[in-house]
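Novice: This is the structure I want to talk about, given as structure tokens.
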Amino acid sequence: MKLATYRHNGDARIGKVVDDAVIDIHAAAKNLPRTMLELLQAGERALAIIDRLLPGAGPTLALKDVSLAAPVPNPSKYLAIGLNYRDHLEEHLRRGGKPPTTQIWFNKQVSCITGPFDPIEMPNVSTCLDYELELGVVIGRRCKHVRAENARAVIAGYVVVNDVSVRDWQLRSPTWTMGKSFDTHGPTGPWLLTDDDITDPHNLAMRLTVNGELRQSTSTSTMLANTYEQIEHLSTVMTLEPGDILATGTPAGVGIGFEPPLYLKVGDIVRAEIETIGHIENTVVACA
């Protein structure tokens with residue numbers, strides 16, 4: 001099931017995407033929440049009601065007539081793991097980096113989140129703008145101390161993520177957070193695909209292009225720590241909440257990995273896609 005946050009006639013709404021149409025969830029079922037975060041907090045009963053909604057059950061719009069927004073625009077946490085793909089780790093080591101001894105996690109401040117087709121701003125303080133294609137996991141229930149073998153039960157679904165990075169700001173900070181959290185540097189989407197529509201999240205083809213040129217291409221099967229192990233690691237420390245986004249790592253082919261680096265420029269179009277889920281596409285613009 002594809003669940004979207006969208007804008008139409010100035011209003012933000014949530015909808016169920018069926019083929020090329022969007023069903024207005026709240027209009028079709030008045031007792032359901034109006035936002036994605038509230039919907040995820042409402043739990044499985046609410047999702048079961050939506051699963052039964054068909055076109056005609058409520059106001060339905062053509063997908064082309066709405067503007068898709070970030071599926072979960074206001075999570076309590078947006079966390080991302082570094083160096084979690086085998087080939088990306090090798091890329092890092094070739095540049096003289098050190099191998100990690102544990103999972104490396106950092107925050108992307110939630111203010112960076114933007115829509116799947118919204119522009120990415122080139123900072124006015126740096127030209128080292130980079131892309132990172134990632135599978136995003138959205139948590140579906142409040143949880144702590146989750147064992148890896150039970151972790152799939154706490155996942156609501158998946159989004160495509162571009163972990164946009166400003167490399168010089170990232171590398172001057174031990175936590176990486178500053179270089180990962182510029183406004184507009186968290187495009188996600190195009191919708192939240194619920195977990196029941198994914199056979200195996202660790203066997204999905206993924207690719208990223210810049211102006212049509214292939215830069216990243218691999219499978220989620222090449223993660224070092226899989227999504228369930230990541231949830232176990234994080235939930236040992238903190239309570240995960242419905243709507244929290246986990247960016248699960250990027251493969252080789254990032255701009256900084258080339259010699260010389262292939263950083264993004266104003267006008268570049270970045271398309272990130274993951275099998276079954278869909279794609280996001282963002283144009284780099286000058287900072288307002």
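Identifiers in this document derive from the order of the structure tokens: chains are assigned A, B, ..., residues are numbered from 1 separately in each chain, and ligands are numbered from 1 in order of occurrence.
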Can you pull out every residue within 8 Å of range 138-146 of chain A, counting only C-alpha atoms, but drop anything in the same chain fewer than 2 positions away, and send it as a list in words?
Specialist: Leu40, Gln41, Gly43, Gly136, Ala148, Asn150, Ala151, Val154, Ile155, Ala156, Gly157, Tyr158, Val159, Leu192, Ile231, Glu232, Ser235, Thr236, Val237, Met238, Thr239, Leu240, Glu241, Pro242, Gly243, Asp244, Ile245 and Leu246 of chain A
Novice: Per DSSP on the backbone, what are the strand (DSSP E or B) residues of range 122-284 of chain A, as a VMD selection string?
Specialist: chain A and resid 122 129 to 130 133 to 139 143 155 to 162 165 to 166 186 to 194 205 to 210 213 to 219 223 240 245 to 247 269 to 274 278 to 284
Novice: What would the file look like if the residues just selected were written as an mmCIF file, in the first residue's frame with C-alpha atoms?
Specialist:
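Generated file (result-v7.cif):
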```cif
data_model
loop_
_atom_site.group_PDB
_atom_site.id
_atom_site.type_symbol
_atom_site.label_atom_id
_atom_site.label_comp_id
_atom_site.auth_asym_id
_atom_site.auth_seq_id
_atom_site.Cartn_x
_atom_site.Cartn_y
_atom_site.Cartn_z
ATOM 1 C CA MET A 122 23.309 24.710 -3.152
ATOM 2 C CA LEU A 129 27.441 19.284 -2.424
ATOM 3 C CA ASP A 130 27.048 15.523 -2.712
ATOM 4 C CA LEU A 133 21.046 7.125 -2.417
ATOM 5 C CA GLU A 134 19.614 5.186 0.540
ATOM 6 C CA LEU A 135 16.744 2.932 1.551
ATOM 7 C CA GLY A 136 14.736 4.727 4.214
ATOM 8 C CA VAL A 137 12.968 2.702 6.911
ATOM 9 C CA VAL A 138 9.992 4.305 8.668
ATOM 10 C CA ILE A 139 9.226 3.027 12.172
ATOM 11 C CA CYS A 143 9.693 0.332 20.661
ATOM 12 C CA ILE A 155 8.602 -1.262 10.544
ATOM 13 C CA ALA A 156 5.711 0.662 8.982
ATOM 14 C CA GLY A 157 7.272 0.871 5.535
ATOM 15 C CA TYR A 158 9.931 2.265 3.258
ATOM 16 C CA VAL A 159 10.838 5.421 1.356
ATOM 17 C CA VAL A 160 13.568 6.419 -1.071
ATOM 18 C CA VAL A 161 16.090 8.745 0.572
ATOM 19 C CA ASN A 162 18.772 11.036 -0.786
ATOM 20 C CA SER A 165 25.687 15.974 2.169
ATOM 21 C CA VAL A 166 27.877 19.074 2.288
ATOM 22 C CA GLY A 186 16.566 15.531 3.150
ATOM 23 C CA PRO A 187 14.360 14.647 0.163
ATOM 24 C CA THR A 188 12.290 11.519 0.844
ATOM 25 C CA GLY A 189 9.443 9.740 -0.904
ATOM 26 C CA PRO A 190 7.749 9.472 -3.234
ATOM 27 C CA TRP A 191 5.390 7.833 -0.756
ATOM 28 C CA LEU A 192 5.589 5.414 2.140
ATOM 29 C CA LEU A 193 5.317 1.873 0.783
ATOM 30 C CA THR A 194 4.023 -0.317 3.595
ATOM 31 C CA ALA A 205 17.914 -2.942 -6.779
ATOM 32 C CA MET A 206 18.864 0.700 -6.308
ATOM 33 C CA ARG A 207 20.322 3.307 -8.670
ATOM 34 C CA LEU A 208 21.075 7.024 -8.782
ATOM 35 C CA THR A 209 21.735 9.216 -11.800
ATOM 36 C CA VAL A 210 22.897 12.809 -12.192
ATOM 37 C CA GLU A 213 24.500 9.638 -15.960
ATOM 38 C CA LEU A 214 24.579 6.539 -13.749
ATOM 39 C CA ARG A 215 26.540 7.170 -10.558
ATOM 40 C CA GLN A 216 25.291 4.544 -8.062
ATOM 41 C CA SER A 217 23.945 1.073 -8.818
ATOM 42 C CA THR A 218 23.756 -1.902 -6.457
ATOM 43 C CA SER A 219 21.359 -3.920 -4.294
ATOM 44 C CA MET A 223 24.546 -3.816 3.280
ATOM 45 C CA LEU A 240 12.089 4.599 18.508
ATOM 46 C CA ILE A 245 13.169 7.670 9.669
ATOM 47 C CA LEU A 246 16.285 5.509 9.460
ATOM 48 C CA ALA A 247 18.516 6.027 6.411
ATOM 49 C CA ILE A 269 19.011 16.822 -11.747
ATOM 50 C CA VAL A 270 19.445 13.953 -9.271
ATOM 51 C CA ARG A 271 17.195 10.926 -9.662
ATOM 52 C CA ALA A 272 17.261 8.252 -6.935
ATOM 53 C CA GLU A 273 15.243 5.070 -7.292
ATOM 54 C CA ILE A 274 14.728 1.787 -5.482
ATOM 55 C CA GLY A 278 9.686 4.182 -6.726
ATOM 56 C CA HIS A 279 11.867 7.212 -7.381
ATOM 57 C CA ILE A 280 12.511 10.766 -6.245
ATOM 58 C CA GLU A 281 14.009 13.478 -8.438
ATOM 59 C CA ASN A 282 15.445 16.789 -7.279
ATOM 60 C CA THR A 283 17.025 19.726 -9.088
ATOM 61 C CA VAL A 284 19.903 21.655 -7.525
#
```
Novice: From a DSSP pass on the backbone, collect the residues of range 51-287 of chain A flagged as alpha helix (DSSP H) and hand them back as a ChimeraX atom specification.
Specialist: /A:51,86-94,167-171,177-180,227-237
Novice: One number please: CA of Pro119 in chain A to CA of Tyr85 in chain A, in Å, one decimal.
Specialist: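 For CA of Pro119 in chain A relative to CA of Tyr85 in chain A, the distance reads 26.9 Å.
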Novice: Write out as a list in words each polymer residue whose atoms come within 7 Å of Asn84 in chain A, counting only C-alpha atoms; drop sequence neighbours fewer than 6 positions from it.
Specialist: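 That gives Met223, Leu224, Ala225, Gly249 and Thr250 of chain A.
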Novice: Write out, as a tab-separated table (two decimals), in the first residue's frame, the residues just selected, with C-alpha atoms.
Specialist:
```
chain	number	residue	atom	x	y	z
A	223	MET	CA	24.55	-3.82	3.28
A	224	LEU	CA	26.99	-4.71	6.04
A	225	ALA	CA	24.48	-4.35	8.90
A	249	GLY	CA	23.44	3.52	4.15
A	250	THR	CA	24.67	4.38	0.67
```
Novice: Write out as a list in words the residues lying within 7 Å of range 106-110 of chain A, counting only C-alpha atoms and excluding same-chain residues fewer than 2 positions away.
Specialist: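 The residues that qualify are Asn74, Pro75, Lys77, Tyr78, Leu79, Ala80, Ile81, Ile104, Cys112, Ile113, Thr175, Trp176, Thr177, Lys180 and Ser181 of chain A.
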Novice: Could those selected residues go to a file with N, CA and C atoms, as a tab-separated table (two decimals), in the first residue's frame?
Specialist:
```tsv
chain	number	residue	atom	x	y	z
A	74	ASN	N	7.40	15.39	9.51
A	74	ASN	CA	7.75	15.87	10.87
A	74	ASN	C	8.03	14.72	11.84
A	75	PRO	N	8.96	13.82	11.53
A	75	PRO	CA	9.27	12.75	12.47
A	75	PRO	C	9.99	13.30	13.69
A	77	LYS	N	12.60	11.84	14.91
A	77	LYS	CA	14.03	11.57	14.66
A	77	LYS	C	14.26	11.21	13.21
A	78	TYR	N	15.40	11.66	12.68
A	78	TYR	CA	15.87	11.25	11.36
A	78	TYR	C	17.32	10.84	11.58
A	79	LEU	N	17.58	9.53	11.58
A	79	LEU	CA	18.89	8.97	11.87
A	79	LEU	C	19.45	8.29	10.63
A	80	ALA	N	20.76	8.34	10.47
A	80	ALA	CA	21.38	7.74	9.29
A	80	ALA	C	22.68	7.04	9.69
A	81	ILE	N	22.95	5.95	9.01
A	81	ILE	CA	24.14	5.16	9.28
A	81	ILE	C	25.20	5.42	8.20
A	104	ILE	N	28.05	3.25	12.70
A	104	ILE	CA	28.26	4.69	12.85
A	104	ILE	C	26.95	5.41	12.55
A	112	CYS	N	15.71	19.47	7.72
A	112	CYS	CA	16.25	19.30	6.37
A	112	CYS	C	15.27	18.58	5.44
A	113	ILE	N	14.21	17.98	5.99
A	113	ILE	CA	13.32	17.13	5.20
A	113	ILE	C	12.56	17.96	4.17
A	175	THR	N	30.73	14.58	14.47
A	175	THR	CA	29.42	13.93	14.45
A	175	THR	C	28.79	13.90	13.07
A	176	TRP	N	29.34	14.62	12.09
A	176	TRP	CA	28.85	14.73	10.71
A	176	TRP	C	27.55	15.52	10.60
A	177	THR	N	26.87	15.77	11.71
A	177	THR	CA	25.51	16.31	11.66
A	177	THR	C	25.42	17.63	10.90
A	180	LYS	N	25.19	17.33	7.25
A	180	LYS	CA	24.09	16.48	6.78
A	180	LYS	C	22.72	17.13	6.95
A	181	SER	N	22.69	18.35	7.48
A	181	SER	CA	21.41	18.90	7.94
A	181	SER	C	21.04	20.25	7.34
```
Novice: When you count only C-alpha atoms, which of these residues is closest to Glu38 in chain A: A:Val72, A:Ala62, A:Ala12, A:Val18?
Specialist: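 The shortest atom-to-atom distance to Glu38 in chain A comes from A:Val72.
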